[in-house]
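K.L.:
Structure file query-v4.txt (compact mmCIF, C-alpha atoms) right here:
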# COMPACT_ATOMS: atom_id res chain seq x y z
CA MET A 1 90.89 172.78 231.10
CA PRO A 2 89.04 170.63 228.56
CA ALA A 3 86.88 167.87 230.03
CA ALA A 4 88.19 164.32 229.57
CA VAL A 5 86.92 162.41 226.56
CA PRO A 6 86.59 158.64 226.86
CA LYS A 7 88.63 156.77 224.27
CA PRO A 8 86.58 155.48 221.33
CA ARG A 9 85.73 151.78 221.63
CA ALA A 10 88.73 149.85 220.34
CA ARG A 11 88.24 148.38 216.90
CA LYS A 12 87.73 144.63 217.18
CA ASP A 13 90.25 142.53 215.32
CA LEU A 14 88.23 140.26 213.08
CA SER A 15 91.26 138.06 212.55
CA ALA A 16 91.05 137.09 216.25
CA PRO A 17 89.80 133.55 216.99
CA SER A 18 86.07 133.20 216.27
CA PRO A 19 83.96 133.17 219.44
CA TRP A 20 82.44 129.98 218.08
CA ALA A 21 85.79 128.21 218.43
CA GLY A 22 87.21 126.81 221.70
CA ARG A 23 85.63 126.46 225.13
CA ARG A 24 84.40 129.22 227.38
CA ARG A 25 82.02 129.59 230.28
CA PRO A 26 78.57 129.42 228.62
CA ARG A 27 77.26 132.87 229.64
CA ALA A 28 80.45 134.69 228.74
CA ALA A 29 80.65 132.76 225.48
CA ARG A 30 77.09 133.67 224.62
CA ALA A 31 77.69 137.38 225.26
CA LEU A 32 80.84 137.30 223.13
CA LYS A 33 79.04 135.57 220.28
CA ARG A 34 76.18 138.02 220.42
CA GLU A 35 78.67 140.88 220.27
CA ALA A 36 80.34 139.29 217.24
CA VAL A 37 76.95 139.09 215.50
CA ILE A 38 76.24 142.78 216.20
CA LEU A 39 79.67 143.87 215.00
CA ALA A 40 79.55 141.78 211.81
CA ALA A 41 76.05 143.14 211.11
CA ALA A 42 77.14 146.74 211.65
CA ARG A 43 79.99 146.29 209.17
CA ALA A 44 77.75 144.58 206.62
CA PHE A 45 75.01 147.24 206.93
CA ARG A 46 77.57 149.99 206.43
CA ALA A 47 79.17 148.25 203.45
CA ARG A 48 76.05 147.10 201.60
CA GLY A 49 73.12 148.88 203.22
CA TYR A 50 70.54 147.48 205.62
CA HIS A 51 68.05 146.38 202.98
CA ASN A 52 70.72 144.72 200.88
CA THR A 53 72.01 142.59 203.77
CA SER A 54 70.14 139.39 204.54
CA LEU A 55 70.46 137.26 207.64
CA ASP A 56 71.81 134.59 205.27
CA ASP A 57 74.65 136.94 204.26
CA LEU A 58 75.32 137.68 207.89
CA ALA A 59 75.33 134.01 208.91
CA ALA A 60 77.69 133.24 206.02
CA SER A 61 80.09 136.03 207.02
CA LEU A 62 80.23 134.56 210.55
CA LYS A 63 80.51 131.00 209.22
CA VAL A 64 77.44 129.87 211.16
CA THR A 65 73.97 128.77 210.08
CA LYS A 66 70.96 131.08 210.14
CA PRO A 67 69.30 129.11 212.96
CA THR A 68 72.46 129.71 215.00
CA LEU A 69 71.99 133.47 214.53
CA TYR A 70 68.49 133.22 215.97
CA ILE A 71 69.98 132.01 219.26
CA TYR A 72 71.46 135.48 219.72
CA VAL A 73 69.02 137.84 218.01
CA PRO A 74 65.33 137.57 217.18
CA ASN A 75 65.36 139.31 213.78
CA LYS A 76 67.17 141.76 211.50
CA GLU A 77 65.41 144.83 212.87
CA ALA A 78 66.49 143.93 216.39
CA ILE A 79 70.07 143.56 215.18
CA LEU A 80 69.94 147.03 213.63
CA PHE A 81 68.64 148.42 216.89
CA GLU A 82 71.51 146.80 218.80
CA CYS A 83 73.96 148.27 216.29
CA PHE A 84 72.33 151.67 216.81
CA ARG A 85 72.64 151.29 220.56
CA ALA A 86 76.27 150.23 220.31
CA GLY A 87 76.79 153.47 218.37
CA ILE A 88 75.12 155.82 220.81
CA ASP A 89 76.38 154.18 224.02
CA PRO A 90 79.79 155.90 223.92
CA LEU A 91 78.03 159.18 223.09
CA LEU A 92 75.82 158.86 226.14
CA GLN A 93 78.87 158.04 228.26
CA THR A 94 80.70 161.10 226.93
CA LEU A 95 77.65 163.24 227.66
CA ASP A 96 77.52 161.92 231.24
CA GLU A 97 81.16 162.84 231.70
CA CYS A 98 80.82 166.26 230.08
CA GLU A 99 77.80 167.07 232.22
CA ARG A 100 79.56 166.01 235.41
CA ALA A 101 82.88 167.72 234.59
CA GLY A 102 83.63 171.15 235.99
CA GLY A 103 84.74 174.20 234.04
CA PRO A 104 83.17 176.36 231.37
CA ALA A 105 80.34 174.65 229.48
CA ARG A 106 81.90 175.64 226.16
CA GLU A 107 84.91 173.41 226.89
CA ARG A 108 82.58 170.62 227.94
CA LEU A 109 80.60 171.03 224.72
CA PHE A 110 83.82 170.82 222.73
CA ALA A 111 84.85 167.69 224.65
CA PHE A 112 81.53 166.16 223.64
CA ILE A 113 82.19 167.11 220.01
CA ARG A 114 85.48 165.22 220.12
CA GLY A 115 83.73 162.12 221.50
CA TYR A 116 81.00 162.45 218.88
CA ALA A 117 83.51 162.61 216.01
CA ALA A 118 85.19 159.44 217.29
CA ALA A 119 81.83 157.62 217.52
CA ILE A 120 80.76 158.63 214.02
CA VAL A 121 83.77 157.04 212.36
CA GLY A 122 83.64 153.90 214.52
CA ASP A 123 82.16 150.55 213.50
CA PHE A 124 78.68 151.53 214.67
CA GLY A 125 78.67 155.07 213.28
CA TRP A 126 76.71 154.22 210.15
CA CYS A 127 74.00 152.38 212.12
CA MET A 128 73.81 155.20 214.64
CA LEU A 129 73.19 157.71 211.86
CA ARG A 130 71.14 155.67 209.46
CA ALA A 131 69.03 153.28 211.54
CA GLU A 132 66.21 155.78 211.61
CA ASP A 133 66.03 156.02 207.80
CA GLN A 134 65.51 152.31 207.18
CA HIS A 135 61.72 152.46 207.33
CA LEU A 136 61.51 150.28 210.39
CA GLY A 137 58.36 149.39 212.30
CA ALA A 138 56.65 152.19 214.21
CA ALA A 139 57.70 151.01 217.66
CA MET A 140 61.36 150.68 216.68
CA SER A 141 61.36 154.07 214.93
CA ARG A 142 59.91 155.66 218.05
CA ARG A 143 62.60 154.16 220.31
CA ILE A 144 65.36 155.39 218.03
CA LYS A 145 63.83 158.86 217.69
CA LEU A 146 63.46 159.15 221.46
CA LEU A 147 67.07 158.17 222.09
CA LYS A 148 68.31 160.63 219.46
CA ALA A 149 66.07 163.39 220.77
CA GLY A 150 67.54 162.79 224.23
CA ILE A 151 71.05 163.41 222.91
CA ASP A 152 69.91 166.53 221.08
CA LYS A 153 68.26 167.86 224.23
CA ARG A 154 71.38 167.31 226.31
CA MET A 155 73.51 169.01 223.67
CA ARG A 156 71.23 172.03 223.78
CA ALA A 157 71.40 172.04 227.57
CA LEU A 158 75.21 172.17 227.37
CA ILE A 159 74.96 175.15 224.99
CA GLU A 160 72.49 176.88 227.30
CA ALA A 161 74.76 176.21 230.27
CA GLY A 162 77.52 177.92 228.28
CA VAL A 163 75.33 180.95 227.62
CA ALA A 164 74.49 181.01 231.33
CA ASP A 165 78.14 180.80 232.45
CA GLY A 166 79.22 183.31 229.79
CA SER A 167 81.55 180.94 227.94
CA ILE A 168 79.19 180.85 224.94
CA ARG A 169 77.65 184.00 223.53
CA ASP A 170 73.88 184.33 223.44
CA CYS A 171 72.65 182.17 220.53
CA ASP A 172 69.74 180.03 219.34
CA SER A 173 70.64 176.81 221.20
CA ARG A 174 68.36 174.65 219.05
CA MET A 175 69.78 175.82 215.74
CA THR A 176 73.31 175.74 217.13
CA ALA A 177 72.87 172.13 218.27
CA PHE A 178 71.49 171.23 214.83
CA ALA A 179 74.41 172.93 213.09
CA LEU A 180 76.93 171.09 215.29
CA ALA A 181 75.21 167.72 214.99
CA GLY A 182 74.91 168.22 211.23
CA ALA A 183 78.57 169.03 210.77
CA LEU A 184 79.50 165.93 212.79
CA ASN A 185 76.97 163.56 211.25
CA TRP A 186 78.09 164.54 207.77
CA MET A 187 81.49 163.06 208.64
CA GLY A 188 79.80 159.66 208.35
CA HIS A 189 79.31 160.50 204.71
CA TRP A 190 82.71 161.76 203.66
CA TYR A 191 85.09 160.20 206.16
CA ARG A 192 86.91 157.07 205.07
CA GLU A 193 89.42 155.09 207.04
CA ASP A 194 92.17 156.35 204.76
CA ALA A 195 91.20 159.94 205.47
CA ALA A 196 94.16 162.27 205.86
CA LEU A 197 92.96 163.52 209.25
CA GLU A 198 92.21 161.63 212.46
CA PRO A 199 88.69 162.13 213.92
CA ARG A 200 90.29 164.12 216.71
CA GLU A 201 91.90 166.55 214.26
CA ILE A 202 88.67 166.93 212.32
CA ALA A 203 86.83 167.67 215.55
CA ASP A 204 89.44 170.28 216.45
CA ARG A 205 89.04 172.03 213.10
CA PHE A 206 85.27 172.02 213.44
CA ILE A 207 85.64 173.38 216.96
CA ASP A 208 87.87 176.16 215.62
CA VAL A 209 85.21 177.13 213.05
CA PHE A 210 82.38 177.01 215.57
CA ASN A 211 84.36 178.70 218.28
CA ARG A 212 85.84 181.65 216.44
CA GLY A 213 83.53 181.90 213.44
CA LEU A 214 84.58 182.69 209.90
CA ARG A 215 84.38 186.46 209.96
CA GLY A 216 87.50 188.19 208.72
CA ARG A 217 87.72 191.93 208.25
CA ASP A 218 84.34 193.69 208.19
CA MET B 1 75.47 194.02 199.67
CA PRO B 2 74.51 190.32 199.80
CA ALA B 3 74.45 188.56 196.45
CA ALA B 4 71.01 187.81 195.03
CA VAL B 5 69.59 184.35 195.76
CA PRO B 6 67.27 182.83 193.16
CA LYS B 7 63.85 181.96 194.51
CA PRO B 8 63.43 178.26 195.33
CA ARG B 9 61.58 176.34 192.64
CA ALA B 10 57.87 176.90 193.26
CA ARG B 11 56.14 173.93 194.87
CA LYS B 12 53.98 172.20 192.28
CA ASP B 13 50.31 172.06 193.09
CA LEU B 14 49.36 168.40 192.81
CA SER B 15 45.69 169.37 192.79
CA ALA B 16 46.28 171.06 189.40
CA PRO B 17 44.83 169.26 186.37
CA SER B 18 46.73 166.08 185.56
CA PRO B 19 49.05 166.50 182.58
CA TRP B 20 47.41 163.36 181.22
CA ALA B 21 44.08 165.23 180.87
CA GLY B 22 43.22 167.63 178.01
CA ARG B 23 45.04 168.43 174.80
CA ARG B 24 48.44 170.03 174.43
CA ARG B 25 51.15 170.24 171.83
CA PRO B 26 52.76 166.80 171.93
CA ARG B 27 56.31 167.87 172.91
CA ALA B 28 55.20 170.27 175.61
CA ALA B 29 52.76 167.68 176.92
CA ARG B 30 55.45 165.04 177.04
CA ALA B 31 57.82 167.32 178.99
CA LEU B 32 55.04 168.19 181.46
CA LYS B 33 54.18 164.54 181.99
CA ARG B 34 57.79 163.61 182.49
CA GLU B 35 58.10 166.37 185.07
CA ALA B 36 54.99 165.07 186.86
CA VAL B 37 56.54 161.58 187.03
CA ILE B 38 59.77 162.97 188.52
CA LEU B 39 57.91 165.06 191.09
CA ALA B 40 55.59 162.21 192.15
CA ALA B 41 58.60 159.90 192.44
CA ALA B 42 60.55 162.41 194.54
CA ARG B 43 57.64 162.72 196.95
CA ALA B 44 57.16 158.94 197.13
CA PHE B 45 60.87 158.27 197.69
CA ARG B 46 60.97 160.84 200.49
CA ALA B 47 57.82 159.48 202.12
CA ARG B 48 58.51 155.74 201.85
CA GLY B 49 62.14 155.41 200.86
CA TYR B 50 63.56 154.48 197.47
CA HIS B 51 63.64 150.73 198.01
CA ASN B 52 60.10 150.66 199.37
CA THR B 53 58.67 152.47 196.34
CA SER B 54 57.90 150.38 193.27
CA LEU B 55 57.14 151.63 189.77
CA ASP B 56 53.69 150.08 190.33
CA ASP B 57 53.16 152.38 193.34
CA LEU B 58 54.33 155.33 191.30
CA ALA B 59 52.08 154.50 188.35
CA ALA B 60 49.12 154.09 190.72
CA SER B 61 49.79 157.46 192.38
CA LEU B 62 49.75 159.11 188.94
CA LYS B 63 46.72 157.09 187.85
CA VAL B 64 48.51 155.68 184.83
CA THR B 65 49.70 152.19 183.91
CA LYS B 66 53.27 151.05 184.39
CA PRO B 67 53.85 150.79 180.60
CA THR B 68 52.81 154.47 180.40
CA LEU B 69 55.58 155.35 182.87
CA TYR B 70 58.13 153.68 180.61
CA ILE B 71 57.31 156.23 177.89
CA TYR B 72 58.88 158.90 180.09
CA VAL B 73 61.60 157.13 182.04
CA PRO B 74 63.57 153.94 181.38
CA ASN B 75 63.74 152.60 184.96
CA LYS B 76 63.58 153.44 188.66
CA GLU B 77 67.27 154.24 188.97
CA ALA B 78 67.00 156.76 186.13
CA ILE B 79 64.03 158.38 187.90
CA LEU B 80 66.06 158.71 191.09
CA PHE B 81 68.86 160.33 189.12
CA GLU B 82 66.43 162.83 187.58
CA CYS B 83 65.11 163.61 191.07
CA PHE B 84 68.67 164.13 192.25
CA ARG B 85 69.34 166.45 189.31
CA ALA B 86 66.16 168.42 189.96
CA GLY B 87 67.47 168.87 193.50
CA ILE B 88 70.93 170.11 192.61
CA ASP B 89 69.92 172.26 189.61
CA PRO B 90 68.86 175.25 191.74
CA LEU B 91 72.04 174.83 193.81
CA LEU B 92 74.19 174.98 190.70
CA GLN B 93 72.27 178.07 189.54
CA THR B 94 72.79 179.75 192.90
CA LEU B 95 76.48 178.90 192.76
CA ASP B 96 76.73 180.44 189.27
CA GLU B 97 75.13 183.62 190.56
CA CYS B 98 77.23 183.76 193.73
CA GLU B 99 80.41 183.27 191.74
CA ARG B 100 79.49 186.00 189.25
CA ALA B 101 78.25 188.49 191.87
CA GLY B 102 80.57 191.21 193.13
CA GLY B 103 81.32 191.99 196.76
CA PRO B 104 83.08 190.14 199.56
CA ALA B 105 83.17 186.38 199.08
CA ARG B 106 81.83 185.87 202.62
CA GLU B 107 78.54 187.50 201.62
CA ARG B 108 78.44 185.42 198.45
CA LEU B 109 79.06 182.26 200.50
CA PHE B 110 76.20 183.21 202.81
CA ALA B 111 73.93 183.85 199.82
CA PHE B 112 74.74 180.33 198.65
CA ILE B 113 73.88 178.99 202.11
CA ARG B 114 70.43 180.58 201.87
CA GLY B 115 69.84 178.98 198.46
CA TYR B 116 71.09 175.63 199.78
CA ALA B 117 68.69 175.71 202.75
CA ALA B 118 65.77 176.39 200.40
CA ALA B 119 66.79 173.50 198.12
CA ILE B 120 67.14 171.03 201.02
CA VAL B 121 63.56 171.48 202.19
CA GLY B 122 62.13 171.45 198.66
CA ASP B 123 60.47 168.49 196.96
CA PHE B 124 63.78 167.18 195.65
CA GLY B 125 65.83 167.73 198.79
CA TRP B 126 65.57 164.15 200.01
CA CYS B 127 66.67 162.73 196.65
CA MET B 128 69.50 165.23 196.42
CA LEU B 129 70.81 164.11 199.80
CA ARG B 130 70.02 160.43 199.71
CA ALA B 131 70.35 159.29 196.11
CA GLU B 132 73.96 158.35 196.72
CA ASP B 133 73.08 156.03 199.62
CA GLN B 134 70.67 153.84 197.69
CA HIS B 135 73.31 151.34 196.55
CA LEU B 136 72.85 152.19 192.88
CA GLY B 137 74.86 150.81 190.00
CA ALA B 138 78.52 151.86 189.76
CA ALA B 139 78.05 154.21 186.80
CA MET B 140 75.13 156.03 188.43
CA SER B 141 76.95 156.31 191.76
CA ARG B 142 79.93 157.80 189.98
CA ARG B 143 77.82 160.46 188.21
CA ILE B 144 76.18 161.48 191.48
CA LYS B 145 79.49 161.58 193.37
CA LEU B 146 81.07 163.71 190.64
CA LEU B 147 78.21 166.21 190.66
CA LYS B 148 78.31 166.46 194.47
CA ALA B 149 82.09 166.77 194.49
CA GLY B 150 81.75 169.64 192.00
CA ILE B 151 79.48 171.54 194.40
CA ASP B 152 81.83 170.88 197.30
CA LYS B 153 84.79 172.15 195.27
CA ARG B 154 82.99 175.35 194.32
CA MET B 155 81.99 175.93 197.95
CA ARG B 156 85.62 175.59 199.01
CA ALA B 157 86.65 177.99 196.25
CA LEU B 158 84.17 180.56 197.62
CA ILE B 159 85.69 180.14 201.09
CA GLU B 160 89.19 180.49 199.68
CA ALA B 161 88.14 183.60 197.77
CA GLY B 162 86.92 184.98 201.10
CA VAL B 163 90.26 184.25 202.74
CA ALA B 164 91.96 185.94 199.79
CA ASP B 165 89.77 189.08 199.92
CA GLY B 166 90.00 189.21 203.72
CA SER B 167 86.26 188.78 204.38
CA ILE B 168 86.85 185.28 205.84
CA ARG B 169 89.62 184.61 208.30
CA ASP B 170 92.29 182.08 207.45
CA CYS B 171 90.72 178.62 207.94
CA ASP B 172 90.80 175.05 206.66
CA SER B 173 88.54 175.52 203.62
CA ARG B 174 87.91 171.79 203.22
CA MET B 175 86.77 171.23 206.82
CA THR B 176 84.82 174.49 206.79
CA ALA B 177 82.96 173.45 203.63
CA PHE B 178 82.20 170.06 205.22
CA ALA B 179 80.94 171.71 208.41
CA LEU B 180 78.69 174.06 206.44
CA ALA B 181 77.38 171.35 204.11
CA GLY B 182 76.78 169.07 207.09
CA ALA B 183 74.81 171.67 209.03
CA LEU B 184 72.67 172.30 205.95
CA ASN B 185 72.21 168.69 204.89
CA TRP B 186 71.12 167.75 208.40
CA MET B 187 68.12 170.04 207.89
CA GLY B 188 66.78 167.37 205.55
CA HIS B 189 66.60 165.14 208.59
CA TRP B 190 64.92 167.38 211.14
CA TYR B 191 63.05 169.92 209.08
CA ARG B 192 59.37 169.27 208.52
CA GLU B 193 56.94 171.42 206.62
CA ASP B 194 55.31 172.45 209.88
CA ALA B 195 58.66 173.63 211.24
CA ALA B 196 58.45 176.84 213.24
CA LEU B 197 61.12 178.54 211.13
CA GLU B 198 61.26 179.20 207.40
CA PRO B 199 64.33 177.84 205.58
CA ARG B 200 65.50 181.44 205.16
CA GLU B 201 65.39 182.02 208.93
CA ILE B 202 67.21 178.77 209.63
CA ALA B 203 69.89 179.73 207.12
CA ASP B 204 70.25 183.12 208.82
CA ARG B 205 70.73 181.52 212.24
CA PHE B 206 73.28 179.10 210.84
CA ILE B 207 75.04 182.02 209.17
CA ASP B 208 75.10 183.84 212.50
CA VAL B 209 76.75 180.84 214.20
CA PHE B 210 79.28 180.34 211.41
CA ASN B 211 79.98 184.03 211.00
CA ARG B 212 80.50 185.11 214.58
CA GLY B 213 81.29 181.79 216.27
CA LEU B 214 80.09 180.70 219.69
CA ARG B 215 82.86 182.09 221.86
CA GLY B 216 81.64 184.17 224.76
CA ARG B 217 83.99 185.51 227.41
CA ASP B 218 87.40 183.84 227.46
Re-express the file's structure as structure tokens.
P.N.:
Amino acid sequence: MPAAVPKPRARKDLSAPSPWAGRRRPRAARALKREAVILAAARAFRARGYHNTSLDDLAASLKVTKPTLYIYVPNKEAILFECFRAGIDPLLQTLDECERAGGPARERLFAFIRGYAAAIVGDFGWCMLRAEDQHLGAAMSRRIKLLKAGIDKRMRALIEAGVADGSIRDCDSRMTAFALAGALNWMGHWYREDAALEPREIADRFIDVFNRGLRGRD
Amino acid sequence: MPAAVPKPRARKDLSAPSPWAGRRRPRAARALKREAVILAAARAFRARGYHNTSLDDLAASLKVTKPTLYIYVPNKEAILFECFRAGIDPLLQTLDECERAGGPARERLFAFIRGYAAAIVGDFGWCMLRAEDQHLGAAMSRRIKLLKAGIDKRMRALIEAGVADGSIRDCDSRMTAFALAGALNWMGHWYREDAALEPREIADRFIDVFNRGLRGRD
């Protein structure tokens, strides 16, 4: 039985009341506002690129002043990092679940692939994929690389568990993980919201290719 | 028999005499100098990113003045496009050869994959992959998208030819082409010159995964 995949984070409705309107308990209100900043930034970075988006643009899109932004985030690089983290959080959750689930590791790997496809096309997918390429400071680059390397390592471990339990044939787990991650990450490039297929269907077609291979008659 | 793969473009030796030194026939000299500008730019863009590389940096790296650069190229965007074209040229050549070659289409697809892997790790691989993401002008973006879409279409046609000749099992050619291109393009992210495997070996391991699939015991 396939392992359960957590639902992708629901898309926030930007037409909902601004978190800067109305009264709320201060801590909850602050967290909500911070989340709104991160989401607006993720959408702006994806639409215009990180370097082409200024904090002024971001403040304007949220109808606040730039000093107001600084209440929630220290600088643009930190915002990008938060967007990156919002992207990988559901991936890490899915990995936790796939690691804990019982059954053949191949099915658990495929469950992870479905979660991955959903994350890639979500609001934070672009930042998750592209944060590392934005020529950030050394410390920030290192954090991002470490987090990504952790995901890669856990993906390989799932493949190796599959080889060990016999559900996956003997293969180069490193190259296989790269091939899988590459196929999925490339979705961020070609997938648009008006795409004919849902992320789940795309994942299933990828899984079919990776599972059965392309070989026809020999 | 696998179709022939053209050798990847030989890596230029930057320690060779500068094309700005010595005497040559004017047209040949101009072409050489232009090529040196494109190569230096491709390396700078890959190392520092497109937006972080100025024409001043580029002129300094070539030990010429910025006005000298303008003799060979009109602007930075045009240089990026030339770098992109230098990246896809060997791919288009390989596609021509794979399409013309005889034999099962699966083998011809795999020959293309080997040529693609070589191109990705070459000097122009970064520009080939990333030119489109640099938020260029609309006309330039359109040219790049069209050229990439052409490659994608020809890859799908190779897959469909394989389904038709029986060498590839019936599959979703669009999703299969995306999975293959994604696996290969992702190399540009993780592959470094000191990588343990040659591009040819990486391509062969990818081909193994895509050919036979991962399925172990059911």
K.L.:
My list of candidates is B:Lys76, B:Lys63, B:Lys145, B:Arg192. Which is closest to chain A when distances are computed with all atoms listed in the file?
P.N.:
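Selected residue with least distance to chain A: B:Lys145.
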K.L.:
Identify which of the residues B:Glu97, B:Asp57, B:Asp208, B:Glu35 lies closest to chain A, counting all atoms listed in the file when measuring atom-to-atom distances.
P.N.:
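Nearest candidate to chain A out of B:Glu97, B:Asp57, B:Asp208, B:Glu35: B:Asp208.
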K.L.:
Would you list the residues near (82.6, 181.7, 219.1) (no more than 6 Å away, in the coordinates of the file, using only C-alpha atoms) as JSON, numbers by chain?
P.N.:
{"A": [210, 211, 212, 213], "B": [213, 214, 215]}
K.L.:
Provide the atom CA of A:Thr53 to atom CA of A:Ala131 distance in Å, to one decimal place.
P.N.:
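About the pair atom CA of A:Thr53 and atom CA of A:Ala131: they are 13.5 Å apart.
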K.L.:
Chain A residues within 10 Å of chain B, counting all atoms listed in the file: which ones, as a ChimeraX atom specification?
P.N.:
/A:47-49,51-52,104,106,132-135,159,162-163,165-172,174-190,202-203,205-218
K.L.:
If you measure from atom CA of A:Arg43 to atom CA of A:Tyr191, what distance in Å do you get, rounded to one decimal?
P.N.:
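Separation between atom CA of A:Arg43 and atom CA of A:Tyr191: 15.1 Å.
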K.L.:
Do a neighbour search on A:Leu95 at 12 Å with all atoms listed in the file, toss out local chain neighbours closer than 6 positions, and write the hits as a PyMOL selection string.
P.N.:
chain A and resi 3-6+88-89+101+105+108-116+150-158
K.L.:
Between atom CA of B:Lys148 and atom CA of B:Ala117, measure the distance and give it in Å to one decimal.
P.N.:
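For atom CA of B:Lys148 relative to atom CA of B:Ala117, the distance reads 15.7 Å.
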K.L.:
With only C-alpha atoms as the basis for distance, which of A:Phe45, A:Glu77, A:Leu147, A:Ala60 is at the shortest distance from A:Leu91?
P.N.:
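Answer, going by the shortest atom-to-atom distance: A:Leu147.
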K.L.:
Considering only C-alpha atoms, can you say which of B:Arg46, B:Ala139, B:Pro26, B:Ala161 comes closest to B:Glu107?
P.N.:
B:Ala161
K.L.:
Using only C-alpha atoms, find the one residue out of B:Ala42, B:Gly137, B:Pro90, B:Asn75 that sits nearest to B:Asp56.
P.N.:
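Looking only at the distances to B:Asp56, the closest residue turns out to be B:Asn75.
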K.L.:
What box, with edges along x, y and z, holds each listed atom of stretch 73-77 of chain B when 6 Å is added on every side, and can you state its centre and edge lengths in Å to one decimal, as JSON?
P.N.:
{"center_x": 64.4, "center_y": 154.9, "center_z": 185.2, "size_x": 17.7, "size_y": 16.5, "size_z": 19.6}
